[in-house]
Amino acid sequence: MGLTPIVALAWAGCADDSDGSLGGPVYVDPGGTHGAEISVSVIGRGRVTTNIPGLDCPGDCFAKYVFASAGADGAAGAISLKASPTRGSKFKGWSFSTEPVGTRGRGPANCNPVVRAGADPSVDTKALEIELPYGETAGIVPTGQEGPCVDFNKVPVVYSVTATFDVDPPAIVDAGNDGGPPLEALYTTPTVGAVGREIGITQGGYLYWHFTSGGQSGVAYGSNPRGVAPQTVQQIVAPGSAITVFEVDAYGVAYQTNLGAISVIRYGSTTPSTMGGSPPTCAALAVDTSYNVYCRTTSTIVQWLASSGYATPTVLYTAVPSGNDLHVESASGSMTFSSTSAILSLPILGASGADASPTTVVSAVGANSLEANFSRFFWLESGGYVYASSSKSAPTTSYDTDVPPSTLFRHLAEDKNSASFFWVASSSAIYHAYYFGGTGPSATQPFRTGLSGVNGMTADNTYVYTSHSDGTIRRANVSGL
């Protein structure tokens, strides 16, 4: 076709005639001035390729196609771009930026870069495949060089293209094994390509959840999850640093990022407050009735007081057994947490930063995912068993469900106002049990089965709420249990 070898350059901006002595690339006369430079950005989950090798994005997202002259074989044609959605996504469309872009022209260093506007071709922006014509345009040479560089302002056209892919939510199918209706779509994804993670509900019925998108984390919010569905989701923390710990308690949300920052969002609020001082790395976080924030590390428990504006952390205890959960209600009460062999408690008032001497609440247990409502604790144990305590006072008796649903349990949620509790097994089924006082939990019952991509769950006395891999939040009515 007369097309010169593809030059796939990946510089930010433009460079001069460097000899590479500093380790950079060597830039030479690129040859002809007829062709196309193409820079592609992909939003969402999908791929963009060309009919001629040189561009395959994500990965290789810039390519330059240059002909020896406008009369060369094929120079009157076009380069084809093809959008290919990944499974579970759909192609939303193409867009073009006309922002000026610099390139290496044929002239000497003083004539470069040559700047010209991005082309906005006449194409069907919804088509999966489009053609971008080759061409040549007169660019602008550096200021003050208009005279010496008058013969060196011709460069190939440039296309700055964005391909957007949107989530095509897969059907979350209820297999009907439990006889209940399918989960109801409550909130759509907070951003393209989001994946729902941990979710919780606060006092007042406010729903908060953690989502990821492109390796970054954000926080979303729903103010009326019991209302008519579907509803509009509010993104209150845009995707940024990865969230490593995320906890929703009755009085607020506490989370820590991989950069170490800890923030709290009071229930009903959409504004985070950041902890001061030098926060440690937390294994668990908690928020109490006064919005104070607590961090459990591998060996300490640390507190930030809301009354002081979260300015300085205070070490309450050292030599605390390691674990990954923490439950706190009132600053005048006690904190509860699990070890490898027990559920333990420590008083908050009077804590002096000395070594912990915890009281055993429940012995001979290996708790995971410790949760609590107003009267008892609930937790998961290895082997798939789900337990509940007879009370929250030490010492207390523990009871397990009659039949473990699966060894692949993932999430536990309790109704704060009743004796119902729920858990997810293998991300595809939700199970349910009642607590019957001194006789312990009822036998395990399936609540919803045949699901897909369940990544988090919470509950109140009206609905079970689930977060999913497609970014949606869904719910199921618990009436009739």
# chains A, B, ... in the order shown; residues from 1 in each chain; ligands from 1
>>> residues_around(residues="Lys392 (chain A)", least_positions_apart="6", cutoff="7 Å", atoms="only C-alpha atoms", output="mmCIF file with C-alpha atoms, in the first residue's frame")
data_model
loop_
_atom_site.group_PDB
_atom_site.id
_atom_site.type_symbol
_atom_site.label_atom_id
_atom_site.label_comp_id
_atom_site.auth_asym_id
_atom_site.auth_seq_id
_atom_site.Cartn_x
_atom_site.Cartn_y
_atom_site.Cartn_z
ATOM 1 C CA SER A 375 -29.567 -8.538 72.220
ATOM 2 C CA ARG A 376 -26.940 -11.021 70.963
ATOM 3 C CA PHE A 377 -23.844 -11.708 68.886
#
>>> select_by_dssp(residues="region 311-397 of chain A", states="strand (DSSP E or B)", output="PyMOL selection string")
chain A and resi 314-318+327-328+334-338+342-347+355+359-363+368-372+377-380+386-389
>>> write_last_selection(atoms="C-alpha atoms", output="JSON list (two decimals), in the first residue's frame")
[["chain", "number", "residue", "atom", "x", "y", "z"],
["A", 314, "THR", "CA", -5.21, 7.66, 71.83],
["A", 315, "VAL", "CA", -3.95, 4.15, 72.50],
["A", 316, "LEU", "CA", -6.50, 2.47, 74.78],
["A", 317, "TYR", "CA", -4.88, -0.97, 75.04],
["A", 318, "THR", "CA", -1.73, -2.80, 74.02],
["A", 327, "HIS", "CA", -17.71, -4.14, 67.88],
["A", 328, "VAL", "CA", -18.31, -0.96, 69.92],
["A", 334, "SER", "CA", -17.23, -2.01, 76.36],
["A", 335, "MET", "CA", -15.67, -3.13, 73.10],
["A", 336, "THR", "CA", -16.01, -6.70, 71.88],
["A", 337, "PHE", "CA", -13.76, -8.64, 69.53],
["A", 338, "SER", "CA", -12.75, -12.22, 68.73],
["A", 342, "ALA", "CA", -12.94, -16.83, 72.21],
["A", 343, "ILE", "CA", -15.05, -13.70, 71.97],
["A", 344, "LEU", "CA", -13.60, -11.12, 74.38],
["A", 345, "SER", "CA", -14.48, -7.71, 75.79],
["A", 346, "LEU", "CA", -12.66, -4.73, 77.30],
["A", 347, "PRO", "CA", -14.03, -1.64, 79.07],
["A", 355, "ASP", "CA", -1.67, -4.30, 78.33],
["A", 359, "THR", "CA", -13.02, -10.72, 79.82],
["A", 360, "THR", "CA", -14.24, -13.81, 78.01],
["A", 361, "VAL", "CA", -17.77, -13.38, 76.66],
["A", 362, "VAL", "CA", -17.98, -16.70, 74.79],
["A", 363, "SER", "CA", -15.33, -19.39, 75.15],
["A", 368, "ASN", "CA", -15.19, -14.73, 62.03],
["A", 369, "SER", "CA", -17.35, -11.83, 60.84],
["A", 370, "LEU", "CA", -18.55, -10.94, 64.34],
["A", 371, "GLU", "CA", -21.87, -9.06, 64.19],
["A", 372, "ALA", "CA", -24.36, -7.93, 66.85],
["A", 377, "PHE", "CA", -23.84, -11.71, 68.89],
["A", 378, "PHE", "CA", -23.69, -13.65, 65.61],
["A", 379, "TRP", "CA", -20.62, -15.05, 63.90],
["A", 380, "LEU", "CA", -19.28, -17.56, 61.39],
["A", 386, "VAL", "CA", -23.18, -20.05, 61.86],
["A", 387, "TYR", "CA", -23.44, -19.26, 65.57],
["A", 388, "ALA", "CA", -25.47, -16.99, 67.81],
["A", 389, "SER", "CA", -25.03, -16.17, 71.49]]
>>> residues_around(residues="Ser278 (chain A)", least_positions_apart="3", cutoff="10 Å", atoms="only C-alpha atoms", output="list in words")
Gly260, Ala261, Ile262, Met275, Thr281, Ala311, Thr312 and Pro313 of chain A
>>> residues_around(residues="region 140-150 of chain A", least_positions_apart="5", cutoff="7 Å", atoms="only C-alpha atoms", output="PDB file with N, CA and C atoms, in the first residue's frame")
ATOM      1  N   CYS A 111      11.808  23.581  14.522  1.00  0.00           N
ATOM      2  CA  CYS A 111      10.481  23.592  13.896  1.00  0.00           C
ATOM      3  C   CYS A 111       9.494  22.653  14.583  1.00  0.00           C
ATOM      4  N   ASN A 112       9.924  22.088  15.701  1.00  0.00           N
ATOM      5  CA  ASN A 112       9.077  21.123  16.384  1.00  0.00           C
ATOM      6  C   ASN A 112       8.829  21.512  17.833  1.00  0.00           C
ATOM      7  N   PRO A 113       7.689  21.103  18.408  1.00  0.00           N
ATOM      8  CA  PRO A 113       6.649  20.272  17.799  1.00  0.00           C
ATOM      9  C   PRO A 113       5.717  21.081  16.895  1.00  0.00           C
ATOM     10  N   VAL A 114       5.060  20.376  16.007  1.00  0.00           N
ATOM     11  CA  VAL A 114       4.025  20.973  15.163  1.00  0.00           C
ATOM     12  C   VAL A 114       2.676  20.616  15.793  1.00  0.00           C
ATOM     13  N   VAL A 115       1.877  21.635  16.061  1.00  0.00           N
ATOM     14  CA  VAL A 115       0.616  21.445  16.790  1.00  0.00           C
ATOM     15  C   VAL A 115      -0.563  21.604  15.855  1.00  0.00           C
ATOM     16  N   ARG A 116      -1.528  20.666  15.931  1.00  0.00           N
ATOM     17  CA  ARG A 116      -2.761  20.816  15.165  1.00  0.00           C
ATOM     18  C   ARG A 116      -3.912  20.246  15.979  1.00  0.00           C
TER      19      ARG A 116
END
>>> residues_around(residues="Thr462 (chain A)", least_positions_apart="5", cutoff="9 Å", atoms="only C-alpha atoms", output="ChimeraX atom specification")
/A:226,415,476-479
>>> write_last_selection(atoms="N, CA and C atoms", output="compact mmCIF listing (two decimals), in the first residue's frame")
# COMPACT_ATOMS: atom_id res chain seq x y z
N ARG A 226 -35.71 1.48 51.62
CA ARG A 226 -37.02 0.83 51.76
C ARG A 226 -38.06 1.41 50.82
N ASP A 415 -30.68 -8.92 61.32
CA ASP A 415 -31.70 -7.90 61.46
C ASP A 415 -31.51 -7.27 62.84
N ALA A 476 -34.42 -8.11 48.74
CA ALA A 476 -35.49 -9.10 48.80
C ALA A 476 -36.27 -8.86 50.08
N ASN A 477 -37.58 -8.85 50.01
CA ASN A 477 -38.43 -8.62 51.15
C ASN A 477 -38.39 -9.82 52.09
N VAL A 478 -38.26 -9.55 53.39
CA VAL A 478 -38.18 -10.64 54.35
C VAL A 478 -39.53 -10.98 54.95
N SER A 479 -40.58 -10.27 54.54
CA SER A 479 -41.90 -10.58 55.07
C SER A 479 -42.31 -11.98 54.65
>>> closest_residue(among="A:Gly32, A:Gly450, A:Pro108, A:Gly218", to="Gly135 (chain A)", atoms="only C-alpha atoms")
A:Gly32
>>> atom_distance(atom1="CA of Ala117 (chain A)", atom2="CA of Arg104 (chain A)")
14.4 Å
>>> closest_residue(among="A:Phe211, A:Phe421, A:Trp94, A:Phe67", to="Phe165 (chain A)", atoms="only C-alpha atoms")
A:Trp94
>>> select_by_dssp(residues="region 42-179 of chain A", states="helix (DSSP H, G or I)", output="PyMOL selection string")
chain A and resi 109-111+150-152
>>> residues_around(residues="region 227-229 of chain A", least_positions_apart="2", cutoff="12 Å", atoms="only C-alpha atoms", output="list in words")
Leu183, Glu184, Ala185, Leu186, Tyr187, Thr188, Gly205, Tyr206, Leu207, Gly222, Ser223, Asn224, Pro225, Gln231, Thr232, Val233, Thr462, Tyr463, Ile473, Arg474, Arg475, Ala476 and Asn477 of chain A
>>> write_last_selection(atoms="N, CA and C atoms", output="mmCIF file, in the first residue's frame")
data_model
loop_
_atom_site.group_PDB
_atom_site.id
_atom_site.type_symbol
_atom_site.label_atom_id
_atom_site.label_comp_id
_atom_site.auth_asym_id
_atom_site.auth_seq_id
_atom_site.Cartn_x
_atom_site.Cartn_y
_atom_site.Cartn_z
ATOM 1 N N LEU A 183 -34.479 -11.347 43.244
ATOM 2 C CA LEU A 183 -34.034 -10.118 43.892
ATOM 3 C C LEU A 183 -34.446 -8.916 43.054
ATOM 4 N N GLU A 184 -34.832 -7.848 43.729
ATOM 5 C CA GLU A 184 -35.307 -6.637 43.065
ATOM 6 C C GLU A 184 -34.164 -5.643 42.905
ATOM 7 N N ALA A 185 -34.003 -5.072 41.713
ATOM 8 C CA ALA A 185 -32.964 -4.071 41.477
ATOM 9 C C ALA A 185 -33.311 -2.793 42.233
ATOM 10 N N LEU A 186 -32.436 -2.370 43.127
ATOM 11 C CA LEU A 186 -32.676 -1.182 43.943
ATOM 12 C C LEU A 186 -31.855 0.009 43.470
ATOM 13 N N TYR A 187 -30.538 -0.176 43.311
ATOM 14 C CA TYR A 187 -29.657 0.887 42.839
ATOM 15 C C TYR A 187 -28.819 0.361 41.679
ATOM 16 N N THR A 188 -28.646 1.197 40.653
ATOM 17 C CA THR A 188 -27.753 0.850 39.555
ATOM 18 C C THR A 188 -26.315 1.113 39.976
ATOM 19 N N GLY A 205 -31.860 3.803 58.720
ATOM 20 C CA GLY A 205 -32.072 3.114 57.459
ATOM 21 C C GLY A 205 -31.292 3.662 56.296
ATOM 22 N N TYR A 206 -30.068 4.181 56.534
ATOM 23 C CA TYR A 206 -29.233 4.674 55.440
ATOM 24 C C TYR A 206 -28.286 3.567 54.991
ATOM 25 N N LEU A 207 -28.198 3.368 53.686
ATOM 26 C CA LEU A 207 -27.387 2.293 53.122
ATOM 27 C C LEU A 207 -26.078 2.871 52.582
ATOM 28 N N GLY A 222 -27.278 5.291 49.695
ATOM 29 C CA GLY A 222 -28.691 5.306 49.374
ATOM 30 C C GLY A 222 -29.471 5.744 50.593
ATOM 31 N N SER A 223 -30.274 6.800 50.462
ATOM 32 C CA SER A 223 -30.930 7.401 51.622
ATOM 33 C C SER A 223 -32.266 6.770 51.967
ATOM 34 N N ASN A 224 -32.866 6.019 51.049
ATOM 35 C CA ASN A 224 -34.199 5.484 51.298
ATOM 36 C C ASN A 224 -34.338 4.078 50.716
ATOM 37 N N PRO A 225 -33.532 3.132 51.200
ATOM 38 C CA PRO A 225 -33.529 1.804 50.583
ATOM 39 C C PRO A 225 -34.839 1.046 50.729
ATOM 40 N N GLN A 231 -34.031 3.271 42.539
ATOM 41 C CA GLN A 231 -33.715 4.598 43.036
ATOM 42 C C GLN A 231 -32.376 5.063 42.479
ATOM 43 N N THR A 232 -32.107 6.352 42.653
ATOM 44 C CA THR A 232 -30.849 6.939 42.187
ATOM 45 C C THR A 232 -29.780 6.780 43.253
ATOM 46 N N VAL A 233 -28.660 6.235 42.861
ATOM 47 C CA VAL A 233 -27.550 6.052 43.783
ATOM 48 C C VAL A 233 -26.742 7.349 43.862
ATOM 49 N N THR A 462 -37.114 -5.349 57.141
ATOM 50 C CA THR A 462 -37.972 -5.332 55.959
ATOM 51 C C THR A 462 -37.334 -6.026 54.773
ATOM 52 N N TYR A 463 -36.028 -5.798 54.560
ATOM 53 C CA TYR A 463 -35.349 -6.328 53.380
ATOM 54 C C TYR A 463 -33.982 -6.909 53.738
ATOM 55 N N ILE A 473 -27.081 -2.862 43.427
ATOM 56 C CA ILE A 473 -27.559 -3.228 44.753
ATOM 57 C C ILE A 473 -28.981 -3.759 44.574
ATOM 58 N N ARG A 474 -29.247 -4.917 45.154
ATOM 59 C CA ARG A 474 -30.563 -5.546 45.028
ATOM 60 C C ARG A 474 -31.118 -5.863 46.402
ATOM 61 N N ARG A 475 -32.407 -6.144 46.448
ATOM 62 C CA ARG A 475 -33.023 -6.409 47.730
ATOM 63 C C ARG A 475 -34.090 -7.489 47.605
ATOM 64 N N ALA A 476 -34.424 -8.111 48.738
ATOM 65 C CA ALA A 476 -35.494 -9.098 48.803
ATOM 66 C C ALA A 476 -36.267 -8.863 50.079
ATOM 67 N N ASN A 477 -37.581 -8.846 50.007
ATOM 68 C CA ASN A 477 -38.429 -8.618 51.153
ATOM 69 C C ASN A 477 -38.389 -9.816 52.090
#
>>> closest_residue(among="A:Val293, A:Leu55, A:Ala36, A:Ile430", to="Gln256 (chain A)", atoms="only C-alpha atoms")
A:Val293
>>> decode(residues="region 33-122 of chain A", atoms="C-alpha atoms", output="PDB file, in the first residue's frame")
ATOM      1  CA  THR A  33       3.386  13.757   6.200  1.00  0.00           C
ATOM      2  CA  HIS A  34       0.259  11.946   5.003  1.00  0.00           C
ATOM      3  CA  GLY A  35      -1.459   9.438   7.267  1.00  0.00           C
ATOM      4  CA  ALA A  36      -2.929   9.364  10.755  1.00  0.00           C
ATOM      5  CA  GLU A  37      -1.881   9.418  14.382  1.00  0.00           C
ATOM      6  CA  ILE A  38      -4.381   7.641  16.616  1.00  0.00           C
ATOM      7  CA  SER A  39      -4.577   7.827  20.398  1.00  0.00           C
ATOM      8  CA  VAL A  40      -7.261   5.705  22.058  1.00  0.00           C
ATOM      9  CA  SER A  41      -8.680   5.772  25.591  1.00  0.00           C
ATOM     10  CA  VAL A  42     -10.951   3.002  26.834  1.00  0.00           C
ATOM     11  CA  ILE A  43     -13.549   3.645  29.540  1.00  0.00           C
ATOM     12  CA  GLY A  44     -15.154   0.551  31.001  1.00  0.00           C
ATOM     13  CA  ARG A  45     -14.507  -3.040  30.054  1.00  0.00           C
ATOM     14  CA  GLY A  46     -13.726  -3.496  26.386  1.00  0.00           C
ATOM     15  CA  ARG A  47     -11.040  -3.549  23.698  1.00  0.00           C
ATOM     16  CA  VAL A  48     -10.236  -1.454  20.619  1.00  0.00           C
ATOM     17  CA  THR A  49      -8.216  -2.857  17.701  1.00  0.00           C
ATOM     18  CA  THR A  50      -7.282  -1.726  14.188  1.00  0.00           C
ATOM     19  CA  ASN A  51      -7.494  -3.609  10.901  1.00  0.00           C
ATOM     20  CA  ILE A  52      -3.736  -3.035  10.438  1.00  0.00           C
ATOM     21  CA  PRO A  53      -1.427  -4.183  13.268  1.00  0.00           C
ATOM     22  CA  GLY A  54      -0.168  -1.460  15.572  1.00  0.00           C
ATOM     23  CA  LEU A  55      -2.936  -0.650  18.037  1.00  0.00           C
ATOM     24  CA  ASP A  56      -4.636  -2.956  20.552  1.00  0.00           C
ATOM     25  CA  CYS A  57      -6.018  -1.017  23.517  1.00  0.00           C
ATOM     26  CA  PRO A  58      -5.844  -1.380  26.511  1.00  0.00           C
ATOM     27  CA  GLY A  59      -2.170  -2.127  26.163  1.00  0.00           C
ATOM     28  CA  ASP A  60      -0.972  -0.456  22.966  1.00  0.00           C
ATOM     29  CA  CYS A  61      -3.155   2.643  22.717  1.00  0.00           C
ATOM     30  CA  PHE A  62      -1.133   4.856  20.359  1.00  0.00           C
ATOM     31  CA  ALA A  63      -0.061   4.255  16.782  1.00  0.00           C
ATOM     32  CA  LYS A  64       1.136   6.335  13.846  1.00  0.00           C
ATOM     33  CA  TYR A  65       0.510   5.322  10.237  1.00  0.00           C
ATOM     34  CA  VAL A  66       2.484   7.320   7.627  1.00  0.00           C
ATOM     35  CA  PHE A  67       2.587   7.099   3.807  1.00  0.00           C
ATOM     36  CA  ALA A  68       5.500   8.195   1.672  1.00  0.00           C
ATOM     37  CA  SER A  69       3.147  10.591  -0.128  1.00  0.00           C
ATOM     38  CA  ALA A  70      -0.540  11.379  -0.596  1.00  0.00           C
ATOM     39  CA  GLY A  71      -0.422   9.530  -3.919  1.00  0.00           C
ATOM     40  CA  ALA A  72       0.947   6.295  -2.478  1.00  0.00           C
ATOM     41  CA  ASP A  73      -1.096   3.149  -2.771  1.00  0.00           C
ATOM     42  CA  GLY A  74      -3.795   3.153  -0.045  1.00  0.00           C
ATOM     43  CA  ALA A  75      -3.160   6.751   1.073  1.00  0.00           C
ATOM     44  CA  ALA A  76      -6.663   7.774  -0.011  1.00  0.00           C
ATOM     45  CA  GLY A  77      -8.189   5.146   2.292  1.00  0.00           C
ATOM     46  CA  ALA A  78      -8.782   4.919   6.030  1.00  0.00           C
ATOM     47  CA  ILE A  79      -7.801   3.023   9.131  1.00  0.00           C
ATOM     48  CA  SER A  80     -10.526   0.923  10.746  1.00  0.00           C
ATOM     49  CA  LEU A  81     -11.183   0.913  14.519  1.00  0.00           C
ATOM     50  CA  LYS A  82     -13.193  -1.921  16.028  1.00  0.00           C
ATOM     51  CA  ALA A  83     -14.756  -1.929  19.507  1.00  0.00           C
ATOM     52  CA  SER A  84     -15.125  -5.294  21.234  1.00  0.00           C
ATOM     53  CA  PRO A  85     -16.995  -5.331  24.577  1.00  0.00           C
ATOM     54  CA  THR A  86     -15.875  -7.853  27.157  1.00  0.00           C
ATOM     55  CA  ARG A  87     -18.413 -10.311  28.426  1.00  0.00           C
ATOM     56  CA  GLY A  88     -20.925  -8.549  30.653  1.00  0.00           C
ATOM     57  CA  SER A  89     -20.394  -5.135  28.989  1.00  0.00           C
ATOM     58  CA  LYS A  90     -21.859  -3.339  26.006  1.00  0.00           C
ATOM     59  CA  PHE A  91     -20.384  -0.701  23.697  1.00  0.00           C
ATOM     60  CA  LYS A  92     -21.800   2.752  24.409  1.00  0.00           C
ATOM     61  CA  GLY A  93     -20.066   4.824  21.719  1.00  0.00           C
ATOM     62  CA  TRP A  94     -17.105   6.747  20.307  1.00  0.00           C
ATOM     63  CA  SER A  95     -16.147  10.327  21.076  1.00  0.00           C
ATOM     64  CA  PHE A  96     -13.397  12.548  19.699  1.00  0.00           C
ATOM     65  CA  SER A  97     -11.390  15.308  21.324  1.00  0.00           C
ATOM     66  CA  THR A  98     -10.445  18.337  19.235  1.00  0.00           C
ATOM     67  CA  GLU A  99      -7.870  19.569  21.744  1.00  0.00           C
ATOM     68  CA  PRO A 100      -4.595  20.595  20.013  1.00  0.00           C
ATOM     69  CA  VAL A 101      -1.971  17.844  19.877  1.00  0.00           C
ATOM     70  CA  GLY A 102       1.729  18.201  19.078  1.00  0.00           C
ATOM     71  CA  THR A 103       3.754  15.850  16.924  1.00  0.00           C
ATOM     72  CA  ARG A 104       7.222  15.450  15.415  1.00  0.00           C
ATOM     73  CA  GLY A 105       7.216  17.043  11.979  1.00  0.00           C
ATOM     74  CA  ARG A 106       9.831  16.649   9.242  1.00  0.00           C
ATOM     75  CA  GLY A 107      11.737  19.810  10.028  1.00  0.00           C
ATOM     76  CA  PRO A 108      14.724  20.409  12.335  1.00  0.00           C
ATOM     77  CA  ALA A 109      14.423  20.685  16.112  1.00  0.00           C
ATOM     78  CA  ASN A 110      13.553  24.405  16.034  1.00  0.00           C
ATOM     79  CA  CYS A 111      10.481  23.592  13.896  1.00  0.00           C
ATOM     80  CA  ASN A 112       9.077  21.123  16.384  1.00  0.00           C
ATOM     81  CA  PRO A 113       6.649  20.272  17.799  1.00  0.00           C
ATOM     82  CA  VAL A 114       4.025  20.973  15.163  1.00  0.00           C
ATOM     83  CA  VAL A 115       0.616  21.445  16.790  1.00  0.00           C
ATOM     84  CA  ARG A 116      -2.761  20.816  15.165  1.00  0.00           C
ATOM     85  CA  ALA A 117      -6.302  20.252  16.384  1.00  0.00           C
ATOM     86  CA  GLY A 118      -7.675  16.765  16.832  1.00  0.00           C
ATOM     87  CA  ALA A 119      -9.928  15.680  13.979  1.00  0.00           C
ATOM     88  CA  ASP A 120     -13.640  15.068  14.536  1.00  0.00           C
ATOM     89  CA  PRO A 121     -14.616  12.714  11.699  1.00  0.00           C
ATOM     90  CA  SER A 122     -18.112  12.146  10.396  1.00  0.00           C
TER      91      SER A 122
END
